[in-house]
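Quick notes on the structure that follows.
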Amino acid sequence: MPLTLPFRPRRETYPPDMWTKCPSCSEMLFNKHLAKNLRVCGTCGHHFRISAKARLDQLLDPGTFRERDEGLASRDPLGFVDSKPYPDRLVAAQLATGRRDAATWGFGALGGRRVAICALDFGFMGGSMGSVVGEKVTRAAEGAFVEHIPLIVVSASGGARMQEGTLALMQLVKTIGALERLRAAGLPYISVLADPTTGGVFASFAALGDVNVAEPNALIGFAGARVSAGTIAEELPPGFQRAEFLFSHGFVDRIVTRADLRDELALLLALLGPAGATDAASGSARRG
Ligand SMILES: [Zn+2]
């Protein structure tokens, strides 16, 4: 009698909670290894997007982060409805991320130095900047100003949040105003540009660091490639709006892998001087 073996279809998919396919090199990456590698592909170096919480965990000295203004949440003063009402989008994003909005800010230590830090979360409505994100970046800058310590902002955002209209655009001015006070006080501000940093976020606080540090291959720019090409009616150069292109054109000062980012920021904080520096002349000299 022939032996009947149970039929097993070839497995075409992997359990999503165990494996992640690298969008760059198509390698299947074991999630535990990926997490250990700071969510960077060990084969090709692709930097996956990470949440604000993961970012803060990676950068700050363990157990030092104290979040501020956790409860700030956007309202819907415009009664904005696109394919669905803005409040519905907010609730969905809040349920998906467990956060009230796309930014997290607070105080912590990096390499033993106290800093004010704000991180944006692309997973919350594309990290878009509405009144809450703008307010948190502003409060982080004000917190750095009051405590006389450096500021770090890690951006990952598609730009201004269209559902908040002019209120979102007003955040550009507000954040820049707060950063200007830091500049006048000679306090260091380091901007970290992760993938993607575009639109109104790039057009305001993300581009204004004393040092602008980008992650490899991060998409960075104002308008999208299609709009840019249409505006200048020319074909765009290869690698347009990637970190390396911006570095070669002077918009970005450093490109740093995620594994080196923490040490790099600690070094920059040390180089940019003691937090106590209030000499306006040295401050403006440093900003060139
Ligand atoms: Zn890869």
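How things are named: the first chain in the structure tokens is A, the next is B, and so on; residues count from 1 in each chain; ligands count from 1 in the order shown.
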- Task: Would you mind listing what lies within 10 Å of region 89-95 of chain A as a list in words, with only C-alpha atoms counted and same-chain residues fewer than 3 positions away left out?
- Result: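 Residues meeting the cut-off are Ala73, Ser74, Arg75, Asp76, Val81, Ser83, Lys84, Pro85, Tyr86, Gly98, Arg99, Arg100, Asp101, Ala102, Gly123, Phe124, Met125, Gly126 and Gln163 of chain A.
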- Task: Write as a count of residues only the residues around ligand 1, taking 10 Å as the cut-off and counting only C-alpha atoms and all ligand atoms.
- Result: 18
- Pick out each residue of region 20-247 of chain A that DSSP on the backbone tags as strand (DSSP E or B); I need them as an MDAnalysis selection string. chainID A and resid 20:21 28:30 40 47 66:68 81 85 103:110 113:120 129 151:157 160 189:198 211:214 219:221 242
Neighbours of Ala225 (chain A) within 9 Å (only C-alpha atoms; same-chain residues fewer than 6 positions away dropped), as a short mmCIF file (atom, residue, chain, number, x, y, z; two decimals) with C-alpha atoms, in the first residue's frame?
```
data_model
loop_
_atom_site.label_atom_id
_atom_site.label_comp_id
_atom_site.auth_asym_id
_atom_site.auth_seq_id
_atom_site.Cartn_x
_atom_site.Cartn_y
_atom_site.Cartn_z
CA LEU A 236 16.07 65.81 -12.26
CA PHE A 240 17.74 64.05 -6.29
CA GLN A 241 16.43 64.72 -2.74
#
```
- Task: Would you kindly return, as a PyMOL selection string, each protein, DNA or RNA residue with an atom no farther than 9 Å from any atom of Cys118 (chain A), considering only C-alpha atoms and excluding same-chain residues fewer than 4 positions away?
- Result: chain A and resi 52+56+103-107+136-137+140-141+151-155
- Message: Set the distance at 10 Å and use only C-alpha atoms: which residues neighbour region 267-272 of chain A once local chain neighbours fewer than 2 positions away are removed? I'd like the list as a ChimeraX atom specification.
- Response: /A:110-111,113-115,149-152,186-190,210-211,261-265,274-275,277,283,286
- Task: Go through A:Gly224, A:Gly143, A:Gly199, A:Gly273 one by one, measure the shortest atom-to-atom distance of each to Asp69 (chain A) using only C-alpha atoms, and give the residue with the smallest value.
- Result: A:Gly143
- Message: Report as number ranges by chain all protein, DNA and RNA residues lying within 6 Å of region 165-173 of chain A, evaluated on only C-alpha atoms, omitting residues in the same chain fewer than 4 positions from it.
- Response: A: 130-131, 134, 160-161, 204
- Any chance you could list, as a PyMOL selection string, the residues in region 219-272 of chain A that come up helix (DSSP H, G or I) when DSSP is run on the backbone? chain A and resi 225-232+243-248+258-271
